[in-house]
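K.L.:
What follows is the file structure-v3.cif, containing mmCIF, C-alpha atoms and all ligand atoms:
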data_protein
loop_
_atom_site.label_atom_id
_atom_site.label_comp_id
_atom_site.auth_asym_id
_atom_site.auth_seq_id
_atom_site.Cartn_x
_atom_site.Cartn_y
_atom_site.Cartn_z
CA MET A 1 26.08 9.69 2.29
CA ARG A 2 24.49 6.73 0.48
CA THR A 3 22.22 7.20 -2.52
CA VAL A 4 19.13 4.99 -2.32
CA ILE A 5 16.77 4.58 -5.29
CA VAL A 6 13.23 3.45 -4.57
CA THR A 7 10.98 2.70 -7.54
CA GLY A 8 7.27 3.08 -6.84
CA GLY A 9 8.32 5.32 -3.97
CA ALA A 10 5.29 7.60 -4.30
CA ALA A 11 2.95 5.30 -2.35
CA GLY A 12 2.61 2.32 -0.04
CA ILE A 13 5.68 0.21 0.71
CA GLY A 14 7.94 2.32 -1.52
CA ARG A 15 7.00 5.53 0.24
CA ALA A 16 7.58 3.98 3.69
CA THR A 17 10.95 2.65 2.50
CA ALA A 18 12.05 6.00 1.10
CA GLU A 19 11.03 7.72 4.34
CA LEU A 20 12.93 5.20 6.46
CA PHE A 21 16.20 5.46 4.52
CA ALA A 22 15.90 9.27 4.41
CA ALA A 23 15.36 9.36 8.19
CA GLN A 24 18.63 7.44 8.54
CA GLY A 25 20.50 10.15 6.63
CA ASP A 26 20.53 8.61 3.14
CA ARG A 27 19.71 10.57 0.00
CA VAL A 28 16.65 8.98 -1.61
CA ILE A 29 15.51 9.10 -5.24
CA ILE A 30 11.80 8.45 -5.60
CA ALA A 31 11.26 7.05 -9.09
CA ASP A 32 7.60 6.61 -9.96
CA ILE A 33 5.27 6.75 -12.93
CA ASP A 34 3.07 9.03 -10.82
CA GLU A 35 5.35 12.07 -10.87
CA PRO A 36 3.06 14.49 -8.98
CA ALA A 37 2.77 11.97 -6.12
CA ALA A 38 6.55 11.41 -6.16
CA ILE A 39 7.08 15.17 -5.89
CA VAL A 40 4.72 15.34 -2.90
CA VAL A 41 6.61 12.52 -1.11
CA ALA A 42 10.01 14.08 -1.87
CA ALA A 43 8.76 17.43 -0.54
CA ALA A 44 7.44 15.80 2.65
CA ILE A 45 10.79 14.08 3.24
CA THR A 46 12.67 17.32 2.59
CA ALA A 47 10.35 19.21 4.95
CA ALA A 48 11.15 16.63 7.63
CA GLY A 49 14.88 17.37 7.23
CA GLY A 50 15.76 14.59 4.79
CA LEU A 51 17.24 14.62 1.32
CA ALA A 52 14.92 13.43 -1.46
CA HIS A 53 14.44 13.87 -5.20
CA ALA A 54 11.54 12.85 -7.43
CA TYR A 55 11.99 11.33 -10.89
CA ARG A 56 9.34 10.25 -13.39
CA LEU A 57 10.05 6.69 -14.48
CA ASP A 58 7.89 4.02 -16.06
CA VAL A 59 9.76 0.95 -14.79
CA ALA A 60 8.42 -1.15 -17.66
CA ASP A 61 10.15 1.07 -20.23
CA GLU A 62 13.61 -0.40 -20.77
CA ASP A 63 15.01 2.61 -22.63
CA ARG A 64 14.24 4.98 -19.78
CA TRP A 65 16.32 2.97 -17.29
CA GLN A 66 19.68 3.83 -18.86
CA GLU A 67 18.69 7.52 -19.04
CA PHE A 68 17.67 7.35 -15.39
CA ALA A 69 20.93 5.68 -14.30
CA ASP A 70 22.96 8.24 -16.28
CA TRP A 71 21.04 11.09 -14.61
CA CYS A 72 21.60 9.60 -11.15
CA GLY A 73 25.30 9.11 -11.88
CA ARG A 74 25.71 12.69 -13.13
CA GLU A 75 23.78 14.25 -10.24
CA PHE A 76 24.83 12.10 -7.26
CA GLY A 77 27.45 9.57 -8.35
CA PRO A 78 26.84 5.81 -8.49
CA ALA A 79 23.86 4.46 -6.55
CA ASP A 80 24.50 2.45 -3.38
CA ILE A 81 21.10 0.80 -3.01
CA LEU A 82 18.37 0.08 -5.56
CA VAL A 83 14.96 -0.98 -4.26
CA ASN A 84 12.96 -2.40 -7.19
CA ASN A 85 9.60 -1.93 -5.52
CA ALA A 86 7.17 -0.58 -8.18
CA GLY A 87 4.51 -3.12 -9.06
CA VAL A 88 0.87 -3.79 -9.87
CA MET A 89 -1.44 -6.60 -8.84
CA ASP A 90 -3.97 -7.45 -11.53
CA THR A 91 -6.48 -10.19 -10.83
CA GLY A 92 -8.25 -12.68 -13.06
CA GLY A 93 -8.25 -16.38 -13.88
CA PHE A 94 -5.45 -17.82 -16.02
CA ALA A 95 -7.51 -18.19 -19.22
CA GLU A 96 -9.72 -15.10 -18.84
CA THR A 97 -6.65 -12.88 -18.44
CA SER A 98 -5.83 -11.67 -21.97
CA ALA A 99 -2.34 -11.94 -23.45
CA ALA A 100 -2.08 -8.13 -23.20
CA GLN A 101 -2.94 -8.26 -19.49
CA TRP A 102 -0.38 -11.02 -18.90
CA GLN A 103 2.18 -8.89 -20.73
CA ARG A 104 1.39 -5.79 -18.63
CA THR A 105 2.00 -7.75 -15.42
CA ILE A 106 5.20 -9.35 -16.72
CA ASP A 107 6.50 -5.98 -17.96
CA ILE A 108 5.80 -4.04 -14.76
CA ASP A 109 6.37 -6.71 -12.12
CA LEU A 110 9.18 -8.79 -13.66
CA MET A 111 10.94 -6.99 -16.51
CA SER A 112 11.26 -3.81 -14.43
CA ILE A 113 13.51 -5.61 -11.95
CA VAL A 114 15.47 -7.13 -14.83
CA HIS A 115 16.01 -3.71 -16.48
CA GLY A 116 16.78 -1.95 -13.19
CA SER A 117 19.12 -4.64 -11.90
CA ARG A 118 21.05 -4.87 -15.18
CA VAL A 119 21.61 -1.13 -15.46
CA PHE A 120 22.43 -0.40 -11.80
CA ALA A 121 24.50 -3.56 -11.22
CA ARG A 122 26.65 -2.43 -14.12
CA GLN A 123 26.92 1.07 -12.61
CA MET A 124 27.90 -0.37 -9.21
CA ILE A 125 30.45 -2.78 -10.73
CA ASP A 126 32.06 -0.07 -12.89
CA ALA A 127 32.35 2.26 -9.90
CA GLY A 128 33.51 -0.49 -7.51
CA VAL A 129 30.54 0.16 -5.22
CA HIS A 130 29.70 -2.70 -2.84
CA GLY A 131 26.01 -1.89 -3.02
CA HIS A 132 22.73 -3.73 -2.64
CA ILE A 133 19.75 -4.51 -4.86
CA VAL A 134 16.40 -5.27 -3.23
CA ASN A 135 13.62 -6.78 -5.34
CA LEU A 136 10.00 -6.92 -4.21
CA SER A 137 8.70 -10.42 -4.77
CA SER A 138 5.68 -11.57 -2.74
CA ALA A 139 4.29 -14.44 -0.67
CA ALA A 140 2.24 -14.99 -3.86
CA ALA A 141 5.44 -16.54 -5.27
CA PHE A 142 4.77 -19.57 -3.03
CA PHE A 143 1.03 -19.69 -3.54
CA PRO A 144 -0.55 -21.13 -6.73
CA ALA A 145 -3.83 -19.22 -6.27
CA ARG A 146 -6.73 -19.02 -8.75
CA LEU A 147 -7.20 -15.27 -8.44
CA ILE A 148 -3.75 -13.91 -9.40
CA PRO A 149 -1.90 -16.34 -11.71
CA ALA A 150 -0.13 -13.63 -13.72
CA TYR A 151 0.98 -11.75 -10.60
CA ALA A 152 2.12 -14.94 -8.84
CA SER A 153 4.04 -16.09 -11.93
CA ALA A 154 5.82 -12.74 -12.21
CA LYS A 155 6.67 -12.71 -8.49
CA ALA A 156 7.95 -16.32 -8.57
CA ALA A 157 10.23 -15.28 -11.43
CA VAL A 158 11.39 -12.24 -9.43
CA LEU A 159 12.34 -14.60 -6.61
CA MET A 160 14.49 -16.79 -8.87
CA ALA A 161 15.94 -13.83 -10.80
CA SER A 162 17.00 -12.27 -7.49
CA GLN A 163 18.73 -15.42 -6.31
CA SER A 164 20.50 -15.91 -9.65
CA LEU A 165 21.64 -12.29 -9.54
CA ARG A 166 22.80 -12.72 -5.96
CA VAL A 167 24.98 -15.67 -6.93
CA GLU A 168 26.45 -13.74 -9.85
CA LEU A 169 27.11 -10.45 -8.03
CA ARG A 170 28.73 -12.06 -4.99
CA ARG A 171 32.23 -11.69 -6.41
CA HIS A 172 31.64 -7.96 -6.88
CA GLY A 173 30.61 -7.50 -3.25
CA ILE A 174 27.05 -6.53 -4.23
CA GLY A 175 24.18 -8.03 -2.22
CA VAL A 176 20.77 -8.98 -3.61
CA THR A 177 17.60 -9.62 -1.60
CA ALA A 178 14.12 -10.83 -2.53
CA ILE A 179 11.46 -9.48 -0.16
CA CYS A 180 8.27 -11.57 0.04
CA PRO A 181 5.55 -9.75 1.97
CA GLY A 182 2.17 -11.23 2.82
CA ALA A 183 -0.92 -8.98 2.97
CA ILE A 184 0.06 -5.35 3.58
CA ARG A 185 -2.26 -2.36 4.09
CA THR A 186 -1.68 -0.38 0.86
CA ASP A 187 -3.62 0.55 -2.29
CA LEU A 188 -2.06 -2.21 -4.41
CA LEU A 189 -5.40 -3.88 -5.17
CA ALA A 190 -7.16 -0.57 -5.71
CA HIS A 191 -4.52 0.29 -8.34
CA GLY A 192 -4.93 -3.04 -10.17
CA GLU A 193 -7.28 -4.38 -12.84
CA ARG A 194 -9.53 -7.42 -12.83
CA ALA A 195 -9.74 -9.30 -16.11
CA GLY A 196 -13.06 -9.67 -17.90
CA LEU A 197 -14.91 -6.68 -16.39
CA SER A 198 -16.51 -3.65 -18.06
CA ASP A 199 -15.17 -0.20 -17.09
CA SER A 200 -17.94 0.44 -14.55
CA GLU A 201 -17.59 -3.05 -13.03
CA GLN A 202 -13.85 -2.45 -12.91
CA ALA A 203 -14.27 0.72 -10.88
CA ALA A 204 -16.58 -1.01 -8.41
CA TRP A 205 -14.21 -3.97 -8.05
CA ARG A 206 -11.23 -1.66 -7.51
CA SER A 207 -12.86 0.33 -4.76
CA GLY A 208 -14.38 -2.81 -3.21
CA THR A 209 -11.29 -5.01 -3.07
CA GLY A 210 -9.13 -1.96 -2.52
CA SER A 211 -11.02 -1.13 0.62
CA VAL A 212 -10.76 -4.72 1.87
CA GLN A 213 -6.97 -4.51 1.64
CA GLN A 214 -7.21 -1.76 4.26
CA LEU A 215 -8.10 -4.54 6.72
CA ALA A 216 -4.67 -6.15 6.37
CA PHE A 217 -3.05 -6.26 9.78
CA ALA A 218 0.42 -5.07 8.77
CA GLY A 219 1.21 -1.61 7.42
CA PRO A 220 3.88 -0.68 4.84
CA ASP A 221 6.34 0.46 7.53
CA LYS A 222 6.79 -3.18 8.53
CA VAL A 223 8.06 -4.04 5.05
CA ALA A 224 10.26 -0.93 5.01
CA ARG A 225 11.92 -2.09 8.24
CA ALA A 226 12.41 -5.57 6.75
CA ILE A 227 14.05 -4.02 3.66
CA GLU A 228 16.40 -1.88 5.75
CA ARG A 229 17.34 -4.92 7.88
CA ALA A 230 17.86 -7.11 4.82
CA VAL A 231 20.34 -4.61 3.36
CA ARG A 232 22.20 -4.38 6.69
CA ARG A 233 22.36 -8.16 7.12
CA ASP A 234 22.69 -8.98 3.42
CA SER A 235 19.77 -11.45 3.54
CA ALA A 236 18.87 -13.52 0.49
CA VAL A 237 15.11 -14.15 0.87
CA VAL A 238 12.93 -12.36 3.42
CA PRO A 239 9.26 -13.31 3.95
CA VAL A 240 7.38 -10.56 5.82
CA ASN A 241 4.38 -11.41 8.03
CA PRO A 242 3.35 -14.74 9.58
CA GLU A 243 1.26 -15.81 6.56
CA ALA A 244 4.25 -15.22 4.28
CA TRP A 245 6.51 -17.37 6.49
CA LEU A 246 3.81 -20.06 6.60
CA ALA A 247 3.46 -20.10 2.81
CA TYR A 248 7.27 -20.08 2.42
CA GLY A 249 7.64 -23.12 4.72
CA LEU A 250 4.64 -25.05 3.44
CA PHE A 251 5.55 -24.54 -0.20
CA ARG A 252 8.90 -26.22 0.45
CA LEU A 253 7.47 -28.90 2.71
CA SER A 254 4.38 -29.82 0.71
CA PRO A 255 3.67 -28.12 -2.62
CA ALA A 256 0.53 -30.29 -2.84
CA ALA A 257 -0.83 -28.72 0.37
CA MET A 258 -0.26 -25.27 -1.12
CA ARG A 259 -2.08 -26.26 -4.30
CA LEU A 260 -4.98 -27.48 -2.17
CA ALA A 261 -5.05 -24.18 -0.24
CA GLY A 262 -4.92 -22.29 -3.55
CA ARG A 263 -8.10 -24.03 -4.71
CA LEU A 264 -10.09 -22.58 -1.81
CA GLY A 265 -10.17 -18.96 -3.04
CA SER A 266 -12.50 -17.99 -5.90
CA PHE A 267 -14.03 -14.86 -7.39
CA ALA A 268 -17.48 -16.13 -6.39
CA LEU A 269 -16.33 -16.25 -2.77
CA ALA A 270 -14.64 -12.84 -3.02
CA ASP A 271 -17.77 -11.30 -4.58
CA ALA A 272 -19.95 -12.81 -1.83
CA LEU A 273 -17.67 -11.71 1.02
CA LEU A 274 -16.96 -8.15 -0.17
CA PRO A 275 -20.33 -6.61 0.78
CA ARG A 276 -20.12 -8.22 4.23
CA VAL A 277 -16.59 -7.08 4.97
CA GLN A 278 -16.83 -3.51 3.68
CA PRO A 279 -19.14 -2.16 6.42
CA LEU A 280 -16.50 -3.14 9.01
CA LEU A 281 -14.00 -0.82 7.45
CA PRO A 282 -14.81 2.56 9.06
CA ARG A 283 -14.57 0.97 12.52
CA VAL A 284 -11.59 -1.32 12.02
CA GLN A 285 -9.30 0.75 9.81
CA PRO A 286 -8.59 3.65 12.22
CA LEU A 287 -7.84 1.08 14.92
CA LEU A 288 -5.45 -0.84 12.66
CA ASN A 289 -3.71 2.39 11.64
CA ARG A 290 -3.20 3.20 15.32
CA ILE A 291 -1.93 -0.15 16.55
CA THR A 292 0.11 -1.41 13.57
CA LYS A 293 2.53 0.32 11.23
N1 LIG B 1 0.70 -4.59 -0.48
C1 LIG B 1 0.89 -5.91 -0.41
O1 LIG B 1 0.11 -6.63 0.23
C2 LIG B 1 2.08 -6.53 -1.10
C3 LIG B 1 2.39 -7.86 -0.81
C4 LIG B 1 3.45 -8.46 -1.46
C5 LIG B 1 4.22 -7.75 -2.35
N2 LIG B 1 3.91 -6.45 -2.61
C6 LIG B 1 4.74 -5.74 -3.62
O2 LIG B 1 5.22 -4.54 -3.05
C7 LIG B 1 5.42 -3.58 -4.08
C8 LIG B 1 4.77 -2.26 -3.68
O3 LIG B 1 3.38 -2.47 -3.57
P1 LIG B 1 2.41 -1.53 -2.72
O4 LIG B 1 1.54 -2.43 -1.95
O5 LIG B 1 3.18 -0.47 -2.03
O6 LIG B 1 1.53 -0.91 -3.92
P2 LIG B 1 0.96 0.56 -4.19
O7 LIG B 1 0.00 0.38 -5.32
O8 LIG B 1 0.51 1.19 -2.94
O9 LIG B 1 2.26 1.35 -4.71
C9 LIG B 1 2.86 1.01 -5.93
C10 LIG B 1 3.64 2.19 -6.47
O10 LIG B 1 4.24 1.78 -7.70
C11 LIG B 1 4.00 2.78 -8.69
N3 LIG B 1 3.99 2.17 -10.02
C12 LIG B 1 3.06 1.33 -10.55
N4 LIG B 1 3.38 1.05 -11.81
C13 LIG B 1 4.52 1.71 -12.09
C14 LIG B 1 5.35 1.81 -13.25
N5 LIG B 1 5.04 1.18 -14.38
N6 LIG B 1 6.47 2.55 -13.16
C15 LIG B 1 6.80 3.20 -12.02
N7 LIG B 1 6.05 3.17 -10.91
C16 LIG B 1 4.92 2.42 -10.95
C17 LIG B 1 2.65 3.38 -8.32
O11 LIG B 1 2.48 4.67 -8.89
C18 LIG B 1 2.75 3.40 -6.79
O12 LIG B 1 3.37 4.60 -6.34
C19 LIG B 1 4.83 -4.19 -5.36
O13 LIG B 1 5.88 -4.74 -6.13
C20 LIG B 1 3.95 -5.30 -4.83
O14 LIG B 1 3.76 -6.33 -5.75
C21 LIG B 1 2.87 -5.82 -2.00
#
Let me see whether you can do it: turn the structure in this file into structure tokens.

P.N.:
Amino acid sequence: MRTVIVTGGAAGIGRATAELFAAQGDRVIIADIDEPAAIVVAAAITAAGGLAHAYRLDVADEDRWQEFADWCGREFGPADILVNNAGVMDTGGFAETSAAQWQRTIDIDLMSIVHGSRVFARQMIDAGVHGHIVNLSSAAAFFPARLIPAYASAKAAVLMASQSLRVELRRHGIGVTAICPGAIRTDLLAHGERAGLSDSEQAAWRSGTGSVQQLAFAGPDKVARAIERAVRRDSAVVPVNPEAWLAYGLFRLSPAAMRLAGRLGSFALADALLPRVQPLLPRVQPLLNRITK
């Protein structure tokens, strides 16, 4: 039986991924900063006949990673698959995003995959496990947009870090994949912060943009299937969704065209569109949940 670790497994893409691997007969460890939610997901998987354990982990905290890896090793032996999925998407222009907000994004979205990959690659190498490390990048890595410069910078770095790691771990028989999803129906935006807002404005922005993300056509199960396939096929870079493939191709073909596209989005436009889009939600969301997963 393989041991599969999924960070951020308490919600969204991580939860769908943990459920998929567990349904295939793998033991899954759901490592999340939201421990109560991780316990609920582990209990649901167990109730469905799977094998799951919850673990409280702040992926940005380097010291906790070694403790976590030691615990996994003691309890279950060396991990076979690590899915570095936990992440946040904060929004805000380049200059209005404070240094502390940039740091938060870099710590959670980039350094977490550095810490996790270093610790678990070492565990796999020492145990001679021909495992796999999956890192969640994003289509944002190809898209120099005005709304999410910190997030896009972190995800672009995740993409390169994953490929560098892949080159290095080849001789140990360990695969590494960067997954680059487009827009997926989760609470990622609702969990994020927008720079430059007061607390009450923040709450309104979170619920507003968060609800708009529920109009995304693809659900988290689609990314989970892509992750499972990528491990099986040992893929290097996997865009998920048509818009992600388009951005991936266009960024390589014409970076100037991508910069032009990136200029189109603005907070003024988002603020103007939000009130128009939100009323559609109660009608469209149940339909989307039914027809796409
Ligand atoms: N949803 C999308 O459209 C989309 C697109 C591209 C990439 N991604 C990436 O996919 C990954 C998962 O996103 P999602 O959409 O499922 O988001 P989500 O907000 O639904 O879930 C994120 C999970 O990560 C956990 N988490 C956040 N910070 C953490 C920390 N410091 N330590 C441990 N756990 C933490 C949260 O508690 C939550 O369970 C992220 O890396 C995100 O950047 C998402």

K.L.:
Atom CA of Glu243 of chain A and atom CA of Pro286 of chain A, how far apart in Å?

P.N.:
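Computed distance, atom CA of Pro286 of chain A to atom CA of Glu243 of chain A, equals 22.5 Å.
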
K.L.:
Determine the axis-aligned bounding box of all atoms of segment 230-240 of chain A present in the file, pad each side by 6 Å, and express its centre and edge lengths in Å to one decimal place as AutoDock Vina command-line options.

P.N.:
--center_x 15.0 --center_y -9.3 --center_z 3.8 --size_x 27.3 --size_y 21.8 --size_z 18.6

K.L.:
Identify, on the basis of all atoms listed in the file, every residue whose closest approach to Ala48 of chain A does not exceed 10 Å; exclude the query and any residue fewer than 4 positions from it along the same chain; express the result as a list of chain:residue names.

P.N.:
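What passes the distance filter is A:Glu19, A:Ala22, A:Ala23, A:Ala42, A:Ala43, A:Ala44.
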
K.L.:
Given only C-alpha atoms and all ligand atoms as the basis, pick out the residue of A:Leu51, A:Val158, A:Val231, A:Ala100 nearest to ligand LIG 1 (chain B).

P.N.:
A:Val158

K.L.:
Record the distance separating atom CA of Ala256 of chain A and atom CA of Pro144 of chain A, expressed in Å with one decimal.

P.N.:
10.0 Å

K.L.:
With a distance cut-off of 9 Å and all atoms listed in the file, select the neighbouring residues of Val277 of chain A, excluding the residue or stretch itself and same-chain residues fewer than 4 positions from it, and output the selection as a PDB file with C-alpha atoms, in the frame of the given file.

P.N.:
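See part-v7.pdb below for the written result:
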ATOM      1  CA  VAL A 212     -10.760  -4.720   1.870  1.00  0.00           C
ATOM      2  CA  LEU A 273     -17.670 -11.710   1.020  1.00  0.00           C
ATOM      3  CA  LEU A 281     -14.000  -0.820   7.450  1.00  0.00           C
TER       4      LEU A 281
END

K.L.:
Write out as a tab-separated table a residue-level contact list of chain A versus ligand LIG 1 (chain B) with cut-off 7 Å: for each qualifying residue the closest pair of atoms and the distance in Å to one decimal, counting only C-alpha atoms and all ligand atoms, rows sorted by chain and residue number upward.

P.N.:
residue	atom	partner	partner_atom	distance
A:Thr7	CA	B:LIG1	N7	6.0
A:Gly8	CA	B:LIG1	O10	3.4
A:Gly9	CA	B:LIG1	O12	5.5
A:Ala10	CA	B:LIG1	O12	4.1
A:Ala11	CA	B:LIG1	O12	4.1
A:Gly12	CA	B:LIG1	O5	3.5
A:Ile13	CA	B:LIG1	O5	3.8
A:Gly14	CA	B:LIG1	O5	5.5
A:Ala31	CA	B:LIG1	C15	6.6
A:Asp32	CA	B:LIG1	N7	3.9
A:Ile33	CA	B:LIG1	C15	4.0
A:Asp34	CA	B:LIG1	O11	4.8
A:Leu57	CA	B:LIG1	C15	5.4
A:Asp58	CA	B:LIG1	N6	3.5
A:Val59	CA	B:LIG1	N6	4.0
A:Ala60	CA	B:LIG1	N5	5.3
A:Asn85	CA	B:LIG1	O13	4.7
A:Ala86	CA	B:LIG1	O10	3.8
A:Gly87	CA	B:LIG1	O13	3.6
A:Val88	CA	B:LIG1	C12	5.6
A:Met89	CA	B:LIG1	O14	6.1
A:Ile108	CA	B:LIG1	N5	5.3
A:Asp109	CA	B:LIG1	O13	6.3
A:Leu136	CA	B:LIG1	O13	5.0
A:Ser137	CA	B:LIG1	C5	5.7
A:Ser138	CA	B:LIG1	C4	4.0
A:Ala139	CA	B:LIG1	C4	6.1
A:Cys180	CA	B:LIG1	C4	5.9
A:Pro181	CA	B:LIG1	C4	4.2
A:Gly182	CA	B:LIG1	C3	5.0
A:Ala183	CA	B:LIG1	O1	3.8
A:Ile184	CA	B:LIG1	O1	3.6
A:Arg185	CA	B:LIG1	N1	5.9
A:Thr186	CA	B:LIG1	O8	4.7
A:Asp187	CA	B:LIG1	O8	4.2
A:Leu188	CA	B:LIG1	O7	3.4
A:Leu189	CA	B:LIG1	O7	6.9
A:His191	CA	B:LIG1	O7	5.4
A:Pro220	CA	B:LIG1	O5	6.9

K.L.:
What's around Asp271 of chain A at 10 Å? Count all atoms listed in the file, leave out sequence neighbours fewer than 6 positions away in its own chain, and write the answer as an mmCIF file with C-alpha atoms, keeping the file's coordinate frame.

P.N.:
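Output file out.cif follows:
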data_model
loop_
_atom_site.group_PDB
_atom_site.id
_atom_site.type_symbol
_atom_site.label_atom_id
_atom_site.label_comp_id
_atom_site.auth_asym_id
_atom_site.auth_seq_id
_atom_site.Cartn_x
_atom_site.Cartn_y
_atom_site.Cartn_z
ATOM 1 C CA TRP A 205 -14.210 -3.970 -8.050
ATOM 2 C CA GLY A 208 -14.380 -2.810 -3.210
ATOM 3 C CA THR A 209 -11.290 -5.010 -3.070
#

K.L.:
Can you measure atom CA of Leu159 of chain A to atom CA of Leu20 of chain A for me? One decimal in Å is fine.

P.N.:
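Calculated distance between atom CA of Leu159 of chain A and atom CA of Leu20 of chain A is 23.7 Å.
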
K.L.:
Applying 12 Å and only C-alpha atoms, which residues near segment 62-79 of chain A remain after dropping the ones on its own chain fewer than 4 positions away? List them as number ranges by chain.

P.N.:
A: 1-7, 26-33, 51-58, 83-84, 107-108, 110-133, 174

K.L.:
Just C-alpha atoms for this one: save the residues we selected as a tab-separated table (two decimals), keeping the file's coordinate frame.

P.N.:
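The result, written out as part_16.tsv:
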chain	number	residue	atom	x	y	z
A	1	MET	CA	26.08	9.69	2.29
A	2	ARG	CA	24.49	6.73	0.48
A	3	THR	CA	22.22	7.20	-2.52
A	4	VAL	CA	19.13	4.99	-2.32
A	5	ILE	CA	16.77	4.58	-5.29
A	6	VAL	CA	13.23	3.45	-4.57
A	7	THR	CA	10.98	2.70	-7.54
A	26	ASP	CA	20.53	8.61	3.14
A	27	ARG	CA	19.71	10.57	0.00
A	28	VAL	CA	16.65	8.98	-1.61
A	29	ILE	CA	15.51	9.10	-5.24
A	30	ILE	CA	11.80	8.45	-5.60
A	31	ALA	CA	11.26	7.05	-9.09
A	32	ASP	CA	7.60	6.61	-9.96
A	33	ILE	CA	5.27	6.75	-12.93
A	51	LEU	CA	17.24	14.62	1.32
A	52	ALA	CA	14.92	13.43	-1.46
A	53	HIS	CA	14.44	13.87	-5.20
A	54	ALA	CA	11.54	12.85	-7.43
A	55	TYR	CA	11.99	11.33	-10.89
A	56	ARG	CA	9.34	10.25	-13.39
A	57	LEU	CA	10.05	6.69	-14.48
A	58	ASP	CA	7.89	4.02	-16.06
A	83	VAL	CA	14.96	-0.98	-4.26
A	84	ASN	CA	12.96	-2.40	-7.19
A	107	ASP	CA	6.50	-5.98	-17.96
A	108	ILE	CA	5.80	-4.04	-14.76
A	110	LEU	CA	9.18	-8.79	-13.66
A	111	MET	CA	10.94	-6.99	-16.51
A	112	SER	CA	11.26	-3.81	-14.43
A	113	ILE	CA	13.51	-5.61	-11.95
A	114	VAL	CA	15.47	-7.13	-14.83
A	115	HIS	CA	16.01	-3.71	-16.48
A	116	GLY	CA	16.78	-1.95	-13.19
A	117	SER	CA	19.12	-4.64	-11.90
A	118	ARG	CA	21.05	-4.87	-15.18
A	119	VAL	CA	21.61	-1.13	-15.46
A	120	PHE	CA	22.43	-0.40	-11.80
A	121	ALA	CA	24.50	-3.56	-11.22
A	122	ARG	CA	26.65	-2.43	-14.12
A	123	GLN	CA	26.92	1.07	-12.61
A	124	MET	CA	27.90	-0.37	-9.21
A	125	ILE	CA	30.45	-2.78	-10.73
A	126	ASP	CA	32.06	-0.07	-12.89
A	127	ALA	CA	32.35	2.26	-9.90
A	128	GLY	CA	33.51	-0.49	-7.51
A	129	VAL	CA	30.54	0.16	-5.22
A	130	HIS	CA	29.70	-2.70	-2.84
A	131	GLY	CA	26.01	-1.89	-3.02
A	132	HIS	CA	22.73	-3.73	-2.64
A	133	ILE	CA	19.75	-4.51	-4.86
A	174	ILE	CA	27.05	-6.53	-4.23

K.L.:
Just the residues within 9 Å of segment 289-292 of chain A, please, counting only C-alpha atoms, with nothing from its chain fewer than 4 positions along; format it as a PyMOL selection string.

P.N.:
chain A and resi 217-219+221-222+284-285

K.L.:
Print the selection's residues with C-alpha atoms to a file, as a short mmCIF file (atom, residue, chain, number, x, y, z; two decimals), in the coordinates of the input.

P.N.:
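The file below, part14.cif, is the result:
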data_model
loop_
_atom_site.label_atom_id
_atom_site.label_comp_id
_atom_site.auth_asym_id
_atom_site.auth_seq_id
_atom_site.Cartn_x
_atom_site.Cartn_y
_atom_site.Cartn_z
CA PHE A 217 -3.05 -6.26 9.78
CA ALA A 218 0.42 -5.07 8.77
CA GLY A 219 1.21 -1.61 7.42
CA ASP A 221 6.34 0.46 7.53
CA LYS A 222 6.79 -3.18 8.53
CA VAL A 284 -11.59 -1.32 12.02
CA GLN A 285 -9.30 0.75 9.81
#

K.L.:
Quick one: residues within 12 Å of (2.7, -17.2, 4.1) (file frame), counting only C-alpha atoms, please, as JSON, numbers by chain.

P.N.:
{"A": [138, 139, 140, 141, 142, 143, 144, 180, 181, 182, 183, 238, 239, 240, 241, 242, 243, 244, 245, 246, 247, 248, 249, 250, 251, 252, 258, 261, 262]}

K.L.:
From the options A:His172, A:Arg146, A:Arg166, A:Lys155, which residue's atoms come nearest to Ser235 of chain A, counting all atoms listed in the file?

P.N.:
A:Arg166

K.L.:
Could you check which of A:Gln163, A:Pro275, A:Arg170, A:Leu215 is closest to Val237 of chain A, using all atoms listed in the file?

P.N.:
A:Gln163
